[in-house]
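Visitor: One structure coming up, written as structure tokens, with questions to follow.
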Amino acid sequence: RRGWRRVVRVLEELEEGCATPVGRLRQVVDAMAVEMHAGLASEGGSKLKMLLTYVYNLPTGKEKGIYYALDLGGTNFRVLRVQLGGQRSAIIQHNVDRQPIPQHLMTSTTEELFDFIATSLKDFVEGEGNVSEPWQGETRELGFTFSFPVKQTSSSSGTLIKWTKGFSIQDMVGRDVSQCLEQAMSRKGLDMRVAALINDTVGTLALCHYHDEDTVAAVIFGTGTNACYLERADAIIKGQGLLTTSGGMVVNMEWGNFWSSHLPRTLYDADLDAESPNPNDQGFEKMISGMYLGDIVRRVILRMSEESDVFGPVSSKLHMPFILRTPMIAAMHEDNSPNLTEVARILEETLEIPDVPLNVRKLVVKICDVVTRRAARLAAAGIVGILKKIGRDGAGGKTKGGSQIKMRRTVVAVEGGLYSNYTMFREYLNEAVGQILGEDVAPHVIIKATDDGSGTGAALFAASHLTSS
Ligand code: ADP
């Protein structure tokens, strides 16, 4: 087939464009820390929103009792019941009811959506046979994970800034999210109060901190990406006067919107952004998260196909945005069969490109590798950027006596389908964190995968709200 040399050239250009040597990653680390500063200094001071959460304390492990949580963040929503024993490691019981949000409710009215949620919650609570619950006669406390951009007004209330992820209920924008839920619960005769309103990253941080108090930050790599961390109160300049404690507060970075000229950007990224419904928005997310990685790979294959015959005639499927999903590029990337049969199957079934020779299949695997490796290494730089901002990157310097300041054990919680399912993404990320930090510091930093934190974390907040008040 003609054009093999051209195709190899396209691959080489891709590799150059996506290069992430440690020196460049350190520039991204610095840029992240600088932007964090700017976002904390003033409202609108950075592309990083650095939203205040009013969460001053994280769960300690002493929480006791039975708590409920509601997790609404995308296509599914979940109701959880968590029983806490007060002894850190023991989450005694953990029941979950997961169901899809009916499509029509995503674009209906606030009342319809929340009535549906309140009804599901009521069924769940009453179905549990709650005779032995400790607070008979008292109002029950609920944690609410609501993973859309919210301007918090307290740790248990906040107004919706905008919908994302396919939701569009215009009368809800600007309204108090917790109040909407409480009104629906009272319409349904359910006596519950929203004790905590959080997003998914904060839930992940809470759950990991419950088990391990050295946890300082949490990051999500799923369809999208976001991070939160515990910041010192005096570093939150824009919040002075609001902050009542001398301790710290969890800050929701909304880091998907991070941007820096040091990010290695290719023409494929520029095209993807320009053709997206939100150009110039969520630039970091578009290079890193599960929603986009597959589509970057598709664009590279399309270009190769247009410039050569190695994929046969150009398949019309290659022109369809998002047809190649990230789980598929993971499956191709991790195809261990000698003839790359999985690669051949996906190219044929999804992209309608049949009879791809082995050397071209290998080329496709290489494209997946380059795109995912860049994503994982930039994600790692983002994480180290947070550590740098809070002085946990080992650059603390020397004491007055000249000895190196001892690096404290530092845990970062990580969650999301991209990280948990895509082994190569996870391995590249962990490797890069080690490379950036260096061998003296890296052993003190633990990247810990958590599961189900986004929902369980909200229940822990409902509990810690009671413990601390
Ligand atoms: P969400 O972010 O939608 O709330 P998840 O954390 O479960 O939910 O992440 C789902 C995303 O994870 C998917 O959109 C997909 O991009 C990614 N993902 C899921 N499974 C895999 C997989 N096997 N390999 C790579 N990525 C995956």
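Each chain in the structure tokens gets a letter, A, B and so on, in the order shown; residues start at 1 in every chain, and ligands are counted from 1 in the order they appear.
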Near stretch 7-13 of chain A, counting only C-alpha atoms, which residues have an atom at most 10 Å away, once you skip same-chain residues fewer than 3 positions from it, shown as a ChimeraX atom specification?
Guide: /A:2-4,16-19,266,300-301,303-310,360,363-364,366-367,370
Visitor: Next, dump the selected residues to file, keeping only N, CA and C atoms, as a short mmCIF file (atom, residue, chain, number, x, y, z; two decimals), in the first residue's frame.
Guide:
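Printed below is selection.cif as written:
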data_model
loop_
_atom_site.label_atom_id
_atom_site.label_comp_id
_atom_site.auth_asym_id
_atom_site.auth_seq_id
_atom_site.Cartn_x
_atom_site.Cartn_y
_atom_site.Cartn_z
N ARG A 2 0.39 2.26 -0.72
CA ARG A 2 1.21 3.46 -0.87
C ARG A 2 1.13 4.37 0.36
N GLY A 3 2.17 5.12 0.56
CA GLY A 3 2.12 6.18 1.56
C GLY A 3 2.64 5.79 2.93
N TRP A 4 3.24 4.61 3.04
CA TRP A 4 3.73 4.18 4.36
C TRP A 4 4.69 5.21 4.96
N GLU A 16 6.43 14.09 18.37
CA GLU A 16 7.10 15.35 18.72
C GLU A 16 6.11 16.32 19.36
N GLY A 17 4.92 16.41 18.78
CA GLY A 17 3.92 17.34 19.29
C GLY A 17 3.42 16.99 20.68
N CYS A 18 3.46 15.71 21.00
CA CYS A 18 2.94 15.25 22.29
C CYS A 18 4.05 15.00 23.32
N ALA A 19 5.26 15.41 22.98
CA ALA A 19 6.39 15.08 23.86
C ALA A 19 6.21 15.70 25.24
N THR A 266 -1.32 19.92 19.93
CA THR A 266 -1.16 19.56 18.51
C THR A 266 -2.31 20.15 17.70
N VAL A 300 -6.18 11.40 14.38
CA VAL A 300 -4.87 11.03 13.84
C VAL A 300 -5.05 9.96 12.75
N ILE A 301 -5.89 8.96 13.04
CA ILE A 301 -6.11 7.91 12.04
C ILE A 301 -6.73 8.50 10.77
N ARG A 303 -6.34 11.50 9.57
CA ARG A 303 -5.29 12.21 8.82
C ARG A 303 -4.40 11.22 8.07
N MET A 304 -4.02 10.14 8.74
CA MET A 304 -3.18 9.13 8.09
C MET A 304 -3.90 8.49 6.91
N SER A 305 -5.18 8.24 7.11
CA SER A 305 -5.97 7.61 6.05
C SER A 305 -6.09 8.55 4.84
N GLU A 306 -6.23 9.83 5.12
CA GLU A 306 -6.36 10.79 4.02
C GLU A 306 -5.05 10.98 3.25
N GLU A 307 -3.93 10.76 3.96
CA GLU A 307 -2.64 11.01 3.32
C GLU A 307 -2.00 9.77 2.73
N SER A 308 -2.67 8.61 2.84
CA SER A 308 -2.05 7.39 2.35
C SER A 308 -3.12 6.36 2.02
N ASP A 309 -2.68 5.20 1.56
CA ASP A 309 -3.60 4.09 1.30
C ASP A 309 -3.53 3.02 2.38
N VAL A 310 -2.78 3.26 3.45
CA VAL A 310 -2.53 2.16 4.38
C VAL A 310 -3.79 1.68 5.08
N VAL A 360 0.24 -1.98 10.24
CA VAL A 360 -0.65 -0.83 10.43
C VAL A 360 -1.38 -0.94 11.78
N LEU A 363 0.84 0.37 14.25
CA LEU A 363 0.85 1.83 14.17
C LEU A 363 -0.30 2.41 15.01
N VAL A 364 -1.47 1.78 14.91
CA VAL A 364 -2.64 2.25 15.66
C VAL A 364 -2.38 2.13 17.16
N LYS A 366 0.41 2.30 18.58
CA LYS A 366 1.38 3.36 18.92
C LYS A 366 0.67 4.71 19.08
N ILE A 367 -0.32 4.99 18.22
CA ILE A 367 -1.06 6.25 18.34
C ILE A 367 -1.77 6.30 19.70
N VAL A 370 0.77 7.08 22.39
CA VAL A 370 1.26 8.47 22.43
C VAL A 370 0.21 9.38 23.07
#
Visitor: Can you list, as a ChimeraX atom specification, every protein, DNA or RNA residue that comes within 6 Å of A:Val55 when you count only C-alpha atoms, leaving out same-chain residues fewer than 5 positions away?
Guide: /A:155,249-250
Visitor: Using the chain letters and numbers from this document, which residues of stretch 143-176 of chain A does DSSP assign to strand (DSSP E), as a ChimeraX atom specification?
Guide: /A:143-146,150-154,157-160
Visitor: Dump C-alpha atoms for the selected residues as a tab-separated table (two decimals), in the first residue's frame?
Guide:
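again_11.tsv was written with the following content:
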chain	number	residue	atom	x	y	z
A	143	GLY	CA	-25.37	14.30	52.20
A	144	PHE	CA	-25.91	15.48	48.62
A	145	THR	CA	-23.25	15.07	45.93
A	146	PHE	CA	-24.21	17.33	43.04
A	150	VAL	CA	-22.12	25.37	42.05
A	151	LYS	CA	-21.44	28.63	43.81
A	152	GLN	CA	-21.53	27.50	47.42
A	153	THR	CA	-23.11	29.76	49.99
A	154	SER	CA	-22.31	27.38	52.86
A	157	SER	CA	-26.13	25.14	50.24
A	158	GLY	CA	-25.24	26.75	46.94
A	159	THR	CA	-26.66	27.97	43.66
A	160	LEU	CA	-26.31	26.29	40.28
Visitor: Counting only C-alpha atoms, which of A:Gly86, A:Gly453, A:Pro59, A:Gly256 gets nearest to A:Glu213?
Guide: A:Pro59
Visitor: So which one's closest to ligand 1, A:Phe124, A:Phe322, A:Tyr292, A:Tyr54? Using only C-alpha atoms and all ligand atoms, please.
Guide: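 Looking only at the distances to ligand 1, the closest residue turns out to be A:Tyr292.
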Visitor: Mind dumping a table of every chain A residue within 10 Å of ligand 1, with the nearest atom pair and its distance in Å to one decimal, using only C-alpha atoms and all ligand atoms, sorted by chain and rising number, as a Markdown table?
Guide:
| residue | atom | partner | partner_atom_place_in_ligand_line | distance |
| --- | --- | --- | --- | --- |
| A:Leu72 | CA | ligand 1 | 4 (O) | 9.1 |
| A:Gly73 | CA | ligand 1 | 4 (O) | 6.2 |
| A:Gly74 | CA | ligand 1 | 4 (O) | 5.7 |
| A:Thr75 | CA | ligand 1 | 3 (O) | 7.3 |
| A:Asn76 | CA | ligand 1 | 4 (O) | 8.2 |
| A:Phe77 | CA | ligand 1 | 4 (O) | 9.7 |
| A:Ser147 | CA | ligand 1 | 4 (O) | 8.6 |
| A:Lys165 | CA | ligand 1 | 3 (O) | 8.8 |
| A:Asp200 | CA | ligand 1 | 4 (O) | 8.5 |
| A:Ile220 | CA | ligand 1 | 6 (O) | 7.1 |
| A:Phe221 | CA | ligand 1 | 6 (O) | 6.4 |
| A:Gly222 | CA | ligand 1 | 9 (O) | 3.4 |
| A:Thr223 | CA | ligand 1 | 14 (O) | 3.8 |
| A:Gly224 | CA | ligand 1 | 2 (O) | 5.5 |
| A:Thr225 | CA | ligand 1 | 2 (O) | 7.5 |
| A:Asn226 | CA | ligand 1 | 2 (O) | 9.8 |
| A:Ser289 | CA | ligand 1 | 16 (O) | 6.8 |
| A:Gly290 | CA | ligand 1 | 16 (O) | 3.1 |
| A:Met291 | CA | ligand 1 | 16 (O) | 4.8 |
| A:Tyr292 | CA | ligand 1 | 16 (O) | 7.5 |
| A:Leu293 | CA | ligand 1 | 16 (O) | 7.8 |
| A:Gly294 | CA | ligand 1 | 16 (O) | 8.3 |
| A:Arg325 | CA | ligand 1 | 16 (O) | 6.9 |
| A:Thr326 | CA | ligand 1 | 26 (N) | 5.0 |
| A:Pro327 | CA | ligand 1 | 24 (N) | 3.6 |
| A:Met328 | CA | ligand 1 | 24 (N) | 6.9 |
| A:Ile329 | CA | ligand 1 | 25 (C) | 7.2 |
| A:Ala330 | CA | ligand 1 | 24 (N) | 4.9 |
| A:Ala331 | CA | ligand 1 | 24 (N) | 7.0 |
| A:Met332 | CA | ligand 1 | 24 (N) | 9.9 |
| A:His333 | CA | ligand 1 | 24 (N) | 9.7 |
| A:Glu334 | CA | ligand 1 | 24 (N) | 9.7 |
| A:Thr372 | CA | ligand 1 | 25 (C) | 9.8 |
| A:Glu415 | CA | ligand 1 | 6 (O) | 6.7 |
| A:Gly416 | CA | ligand 1 | 6 (O) | 3.3 |
| A:Gly417 | CA | ligand 1 | 12 (O) | 3.4 |
| A:Leu418 | CA | ligand 1 | 26 (N) | 4.0 |
| A:Tyr419 | CA | ligand 1 | 26 (N) | 7.3 |
| A:Ser420 | CA | ligand 1 | 21 (C) | 7.7 |
| A:Asn421 | CA | ligand 1 | 23 (N) | 4.5 |
| A:Tyr422 | CA | ligand 1 | 24 (N) | 4.3 |
| A:Thr423 | CA | ligand 1 | 24 (N) | 7.9 |
| A:Met424 | CA | ligand 1 | 25 (C) | 9.2 |
| A:Phe425 | CA | ligand 1 | 25 (C) | 8.2 |
| A:Asp451 | CA | ligand 1 | 6 (O) | 9.5 |
| A:Asp452 | CA | ligand 1 | 6 (O) | 9.2 |
| A:Ser454 | CA | ligand 1 | 4 (O) | 9.2 |
Visitor: For A:Phe114, please output as an MDAnalysis selection string all residues within 9 Å (counting only C-alpha atoms; exclusion window: fewer than 2 positions along the same chain).
Guide: chainID A and resid 109:112 116:119 180:185
Visitor: For those residues, write C-alpha atoms to a file as a PDB file, in the first residue's frame.
Guide:
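Output (part_7.pdb):
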ATOM      1  CA  THR A 109     -38.479  21.265  35.116  1.00  0.00           C
ATOM      2  CA  THR A 110     -36.746  21.534  38.476  1.00  0.00           C
ATOM      3  CA  GLU A 111     -39.859  20.202  40.229  1.00  0.00           C
ATOM      4  CA  GLU A 112     -40.151  17.140  38.012  1.00  0.00           C
ATOM      5  CA  PHE A 116     -38.360  11.936  40.893  1.00  0.00           C
ATOM      6  CA  ILE A 117     -35.218  11.985  43.039  1.00  0.00           C
ATOM      7  CA  ALA A 118     -37.160  12.492  46.287  1.00  0.00           C
ATOM      8  CA  THR A 119     -39.485   9.617  45.428  1.00  0.00           C
ATOM      9  CA  CYS A 180     -34.925  22.483  45.643  1.00  0.00           C
ATOM     10  CA  LEU A 181     -34.263  19.019  47.046  1.00  0.00           C
ATOM     11  CA  GLU A 182     -35.690  19.802  50.493  1.00  0.00           C
ATOM     12  CA  GLN A 183     -38.870  21.209  48.976  1.00  0.00           C
ATOM     13  CA  ALA A 184     -39.298  18.064  46.896  1.00  0.00           C
ATOM     14  CA  MET A 185     -38.693  15.858  49.953  1.00  0.00           C
TER      15      MET A 185
END
